[in-house]
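**Student:** So here's start_24.cif, just mmCIF, C-alpha atoms:
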```cif
data_run
loop_
_atom_site.label_atom_id
_atom_site.label_comp_id
_atom_site.auth_asym_id
_atom_site.auth_seq_id
_atom_site.Cartn_x
_atom_site.Cartn_y
_atom_site.Cartn_z
CA MET A 1 -1.23 -11.09 -17.29
CA ARG A 2 -2.47 -11.79 -13.79
CA ARG A 3 -1.58 -8.27 -12.76
CA MET A 4 -3.53 -6.89 -15.71
CA LEU A 5 -6.57 -8.93 -14.78
CA ILE A 6 -6.41 -7.55 -11.29
CA VAL A 7 -6.24 -4.00 -12.61
CA VAL A 8 -9.29 -4.64 -14.76
CA ALA A 9 -11.11 -6.14 -11.80
CA ALA A 10 -10.23 -3.05 -9.83
CA ALA A 11 -11.68 -0.81 -12.48
CA VAL A 12 -14.87 -2.89 -12.64
CA LEU A 13 -15.43 -2.51 -8.95
CA ALA A 14 -14.53 1.15 -9.00
CA ALA A 15 -16.97 1.86 -11.77
CA ALA A 16 -19.75 -0.30 -10.43
CA CYS A 17 -19.84 0.97 -6.90
CA GLU A 18 -20.61 4.29 -5.31
CA PRO A 19 -17.39 5.56 -3.72
CA GLY A 20 -17.28 4.76 -0.08
CA SER A 21 -20.68 3.14 -0.06
CA SER A 22 -19.52 -0.23 1.17
CA PRO A 23 -16.41 -2.26 1.84
CA MET A 24 -16.96 -3.84 -1.57
CA THR A 25 -15.78 -0.63 -3.19
CA GLN A 26 -12.25 -1.45 -2.21
CA VAL A 27 -10.17 -3.28 -4.76
CA VAL A 28 -7.07 -5.36 -4.99
CA THR A 29 -4.11 -3.41 -6.27
CA ASP A 30 -0.59 -4.71 -5.89
CA VAL A 31 -0.48 -8.36 -5.02
CA PRO A 32 2.29 -10.91 -4.99
CA MET A 33 2.73 -12.67 -8.29
CA SER A 34 4.15 -15.78 -6.71
CA GLY A 35 2.91 -18.12 -4.07
CA THR A 36 1.86 -21.62 -3.34
CA SER A 37 -1.52 -22.88 -4.36
CA LYS A 38 -3.20 -24.47 -1.36
CA GLY A 39 -6.50 -25.32 -2.96
CA GLY A 40 -9.86 -23.72 -2.50
CA ASP A 41 -9.36 -21.33 -5.40
CA PRO A 42 -11.56 -22.36 -8.33
CA PHE A 43 -9.17 -20.66 -10.75
CA GLY A 44 -6.10 -22.37 -9.42
CA GLU A 45 -4.43 -19.12 -8.45
CA PRO A 46 -1.87 -19.06 -5.68
CA SER A 47 -3.55 -18.40 -2.38
CA SER A 48 -1.24 -15.42 -1.83
CA ILE A 49 -3.08 -13.49 -4.54
CA TRP A 50 -5.58 -12.50 -1.87
CA ALA A 51 -2.90 -11.20 0.49
CA GLY A 52 -2.52 -7.76 -1.12
CA SER A 53 -3.71 -4.43 0.14
CA TRP A 54 -6.89 -2.63 -0.86
CA PHE A 55 -7.63 0.94 -1.85
CA GLN A 56 -10.34 3.05 -3.42
CA PRO A 57 -9.31 3.97 -6.97
CA ASP A 58 -9.91 7.42 -8.33
CA THR A 59 -12.97 7.90 -10.50
CA THR A 60 -14.57 10.85 -12.23
CA LEU A 61 -17.82 9.07 -12.85
CA GLY A 62 -18.73 8.73 -9.23
CA ARG A 63 -22.05 7.03 -9.71
CA SER A 64 -23.06 3.45 -9.93
CA GLU A 65 -23.60 1.84 -13.30
CA LEU A 66 -25.35 -1.45 -13.71
CA LEU A 67 -22.93 -2.80 -16.27
CA PRO A 68 -19.84 -0.65 -16.91
CA ARG A 69 -17.93 -1.61 -20.03
CA LEU A 70 -14.17 -1.94 -19.63
CA PHE A 71 -11.37 -2.06 -22.16
CA VAL A 72 -7.62 -2.18 -21.79
CA ALA A 73 -6.51 0.67 -24.04
CA HIS A 74 -2.76 0.98 -24.28
CA ASP A 75 -1.59 1.44 -20.68
CA GLU A 76 -4.94 2.56 -19.37
CA VAL A 77 -8.33 1.13 -18.63
CA LEU A 78 -11.17 2.73 -20.55
CA VAL A 79 -14.39 2.68 -18.54
CA VAL A 80 -17.64 3.39 -20.38
CA PHE A 81 -21.05 3.96 -18.82
CA GLU A 82 -23.36 3.30 -21.73
CA GLN A 83 -26.60 3.61 -19.78
CA ASN A 84 -25.39 6.32 -17.40
CA ARG A 85 -28.76 6.59 -15.70
CA GLY A 86 -30.56 7.62 -18.83
CA THR A 87 -28.33 10.52 -19.83
CA THR A 88 -25.50 10.26 -22.34
CA VAL A 89 -22.79 7.69 -22.87
CA ALA A 90 -19.87 8.73 -20.65
CA GLY A 91 -16.51 7.35 -19.72
CA GLU A 92 -13.12 7.84 -18.22
CA ARG A 93 -9.55 6.65 -18.62
CA TYR A 94 -7.96 5.09 -15.55
CA ASP A 95 -4.19 5.03 -15.29
CA PRO A 96 -3.21 2.18 -12.97
CA VAL A 97 0.35 3.48 -12.64
CA THR A 98 -0.58 6.87 -11.27
CA GLY A 99 -3.94 5.80 -9.91
CA THR A 100 -5.69 8.70 -11.59
CA ALA A 101 -8.84 8.81 -13.65
CA THR A 102 -9.53 11.31 -16.41
CA ARG A 103 -12.96 11.96 -17.82
CA ILE A 104 -13.08 11.47 -21.57
CA ALA A 105 -14.61 13.94 -23.99
CA SER A 106 -18.37 14.10 -24.03
CA SER A 107 -19.78 11.59 -26.48
CA GLY A 108 -23.06 13.35 -27.07
CA LEU A 109 -24.51 9.88 -27.61
CA GLU A 110 -27.84 9.01 -26.09
CA TRP A 111 -27.72 6.37 -23.39
CA ARG A 112 -28.30 2.81 -24.47
CA ALA A 113 -27.97 -0.80 -23.44
CA ASN A 114 -26.11 -3.62 -25.07
CA ALA A 115 -24.28 -1.59 -27.67
CA ALA A 116 -21.61 -3.50 -29.56
CA MET A 117 -18.21 -2.18 -28.43
CA VAL A 118 -14.69 -3.17 -29.36
CA TRP A 119 -11.23 -1.75 -28.82
CA THR A 120 -9.34 -1.78 -32.11
CA GLY A 121 -5.95 -0.85 -30.72
CA ASP A 122 -6.49 2.78 -31.70
CA GLU A 123 -10.15 3.48 -31.16
CA LEU A 124 -13.16 2.31 -29.20
CA LEU A 125 -16.00 1.56 -31.60
CA VAL A 126 -19.54 1.91 -30.26
CA VAL A 127 -22.36 0.65 -32.46
CA GLY A 128 -26.04 -0.01 -31.99
CA GLY A 129 -27.60 -0.90 -28.70
CA ASN A 130 -31.10 0.17 -27.79
CA ASN A 131 -32.89 2.49 -25.43
CA GLY A 132 -36.46 2.09 -26.48
CA PRO A 133 -38.44 2.15 -29.69
CA GLY A 134 -38.20 5.22 -31.86
CA ILE A 135 -34.94 6.48 -30.44
CA LYS A 136 -32.14 6.91 -32.88
CA ARG A 137 -29.36 4.40 -33.28
CA ILE A 138 -25.75 5.32 -32.78
CA ARG A 139 -22.36 4.52 -34.25
CA ALA A 140 -19.23 6.37 -33.19
CA ALA A 141 -15.57 5.89 -32.41
CA TYR A 142 -13.57 7.29 -29.51
CA ASN A 143 -9.87 8.00 -29.97
CA PRO A 144 -8.06 8.31 -26.62
CA ALA A 145 -4.93 9.75 -28.24
CA GLU A 146 -6.94 12.78 -29.33
CA ASP A 147 -9.65 12.51 -26.70
CA SER A 148 -12.24 12.87 -29.41
CA TRP A 149 -15.22 11.10 -30.90
CA ARG A 150 -15.96 10.75 -34.58
CA PRO A 151 -19.14 9.55 -36.25
CA LEU A 152 -19.04 6.36 -38.26
CA PRO A 153 -20.71 6.03 -41.66
CA ASP A 154 -24.16 4.56 -42.04
CA PRO A 155 -24.30 0.79 -42.23
CA PRO A 156 -25.77 -0.80 -45.34
CA ARG A 157 -29.00 -1.41 -43.51
CA ARG A 158 -30.75 -0.30 -40.34
CA LEU A 159 -29.30 -1.57 -37.12
CA ASP A 160 -31.95 -3.52 -35.30
CA ALA A 161 -30.34 -3.52 -31.90
CA MET B 1 -16.08 -8.80 -31.28
CA TRP B 2 -12.82 -7.64 -32.81
CA SER B 3 -11.35 -9.87 -35.50
CA GLY B 4 -8.05 -8.03 -35.67
CA THR B 5 -9.13 -5.96 -38.64
CA GLU B 6 -12.90 -5.66 -38.36
CA MET B 7 -15.65 -5.30 -35.82
CA LEU B 8 -17.97 -8.26 -36.24
CA ILE B 9 -21.54 -7.75 -35.10
CA TYR B 10 -23.11 -11.16 -35.30
CA ARG B 11 -26.59 -10.10 -34.28
CA GLU B 12 -26.68 -7.63 -37.17
CA GLY B 13 -24.84 -9.76 -39.69
CA LEU B 14 -22.46 -6.85 -40.26
CA ALA B 15 -18.76 -6.13 -40.16
CA PHE B 16 -17.08 -2.71 -39.92
CA LYS B 17 -13.51 -1.98 -40.93
CA PRO B 18 -12.32 1.19 -39.16
CA THR B 19 -9.26 1.74 -41.33
CA THR B 20 -11.45 2.27 -44.39
CA ASP B 21 -14.74 3.12 -42.66
CA GLU B 22 -16.44 0.42 -44.71
CA TRP B 23 -19.32 -1.82 -43.73
CA SER B 24 -19.85 -5.26 -45.14
CA SER B 25 -22.34 -8.01 -44.63
CA ILE B 26 -21.42 -11.30 -43.09
CA SER B 27 -23.32 -14.49 -43.54
CA LEU B 28 -24.03 -16.72 -40.64
CA PRO B 29 -24.82 -20.42 -40.66
CA PRO B 30 -28.21 -21.57 -39.38
CA GLY B 31 -28.27 -22.78 -35.84
CA PRO B 32 -25.76 -22.19 -33.05
CA ILE B 33 -22.45 -20.63 -34.05
CA ARG B 34 -19.52 -22.83 -33.20
CA SER B 35 -16.99 -21.38 -35.57
CA PHE B 36 -16.87 -18.46 -37.93
CA GLU B 37 -14.54 -17.66 -40.78
CA VAL B 38 -14.01 -14.18 -42.18
CA THR B 39 -13.18 -13.96 -45.85
CA ALA B 40 -12.04 -10.91 -47.75
#
```
Would you write out, as structure tokens, the structure that this file holds?

**Tutor:**
Amino acid sequence: MRRMLIVVAAAVLAAACEPGSSPMTQVVTDVPMSGTSKGGDPFGEPSSIWAGSWFQPDTTLGRSELLPRLFVAHDEVLVVFEQNRGTTVAGERYDPVTGTATRIASSGLEWRANAAMVWTGDELLVVGGNNGPGIKRIRAAYNPAEDSWRPLPDPPRRLDA
Amino acid sequence: MWSGTEMLIYREGLAFKPTTDEWSSISLPPGPIRSFEVTA
């Protein structure tokens, strides 16, 4: 579990930072899973967790995103840029075993903020969010097994956010 | 959030079940939410 959290943290940093822009773009990768807690860690983790090496993970997105959305999807991390600098919702799949990132199919969805997103175990559902008054709402599902998006049916009433 | 079978969108009062592509309404109690029960 700890290793998975570290992988997710790595993907957060990779997605949130411009590659090579600062030392903060480097992330923890393979760290010891045992060690002796010596205090000073607010989460009570062994101090040796910080003794691992750092590297710059692969990314296809390559631009900063204020708040990338991350989901553990099977053996990969799904990274979604919902705002994507005012273009369309974009994302990639990061494989922590091979260290490679693969851009997912184009969503065709207008950028937005604060969309509701969940990973179902098969699909990533993206619903609602907002990007200003008068701009259409969205609802779609991404299936990584097929690398495809599908529209979802209309909700019983208008989504307000 | 994901309930295990449905996507619950509290701010909209809606739930979506991806296996059937069906939406349903959910009722929320007044005031802060401390617990929430989903019924069929």

**Student:** Calculate how many Å separate atom CA of Glu110 of chain A from atom CA of Pro153 of chain A, rounding to one decimal.

**Tutor:**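 Those two atoms sit 17.4 Å apart.
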
**Student:** Please evaluate the PyMOL selection byres ((chain B) within 10 of (chain A)) against the structure above and give the resulting residues as a PyMOL selection string.

**Tutor:** chain B and resi 1-19+21-25

**Student:** Enumerate, as a list in words, the residues matched when the PyMOL selection byres ((chain A and resi 94-96) around 8) is run on the file above.

**Tutor:**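 On this input, the PyMOL selection byres ((chain A and resi 94-96) around 8) captures Val7, Ala11, Asp58, Thr59, Asp75, Glu76, Val77, Leu78, Val79, Glu92, Arg93, Val97, Thr98, Gly99, Thr100, Ala101 and Thr102 of chain A.
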
**Student:** Could you work out how far atom CA of Trp54 of chain A lies from atom CA of Gln83 of chain A, giving the answer in Å with one decimal?

**Tutor:**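 Going from atom CA of Gln83 of chain A over to atom CA of Trp54 of chain A, I get 28.0 Å.
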
**Student:** Using only C-alpha atoms, what residues lie at most 9 Å away from (-21.8, 10.3, -21.1) (file coordinates), given as a list of chain:residue names?

**Tutor:**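 With a cut-off of 9 Å, the residues come to A:Val80, A:Phe81, A:Glu82, A:Gln83, A:Asn84, A:Thr87, A:Thr88, A:Val89, A:Ala90, A:Gly91, A:Ile104, A:Ala105, A:Ser106, A:Ser107, A:Gly108, A:Leu109, A:Glu110, A:Trp111.
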
**Student:** Would you mind reading off the distance between atom CA of Arg112 of chain A and atom CA of Asn143 of chain A, one decimal, in Å?

**Tutor:**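 According to the coordinates, atom CA of Arg112 of chain A and atom CA of Asn143 of chain A are separated by 19.9 Å.
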
**Student:** So which one's closest to Ala115 of chain A, A:Leu61, A:Val72, A:Leu67, A:Ala51? Using only C-alpha atoms, please.

**Tutor:** A:Leu67
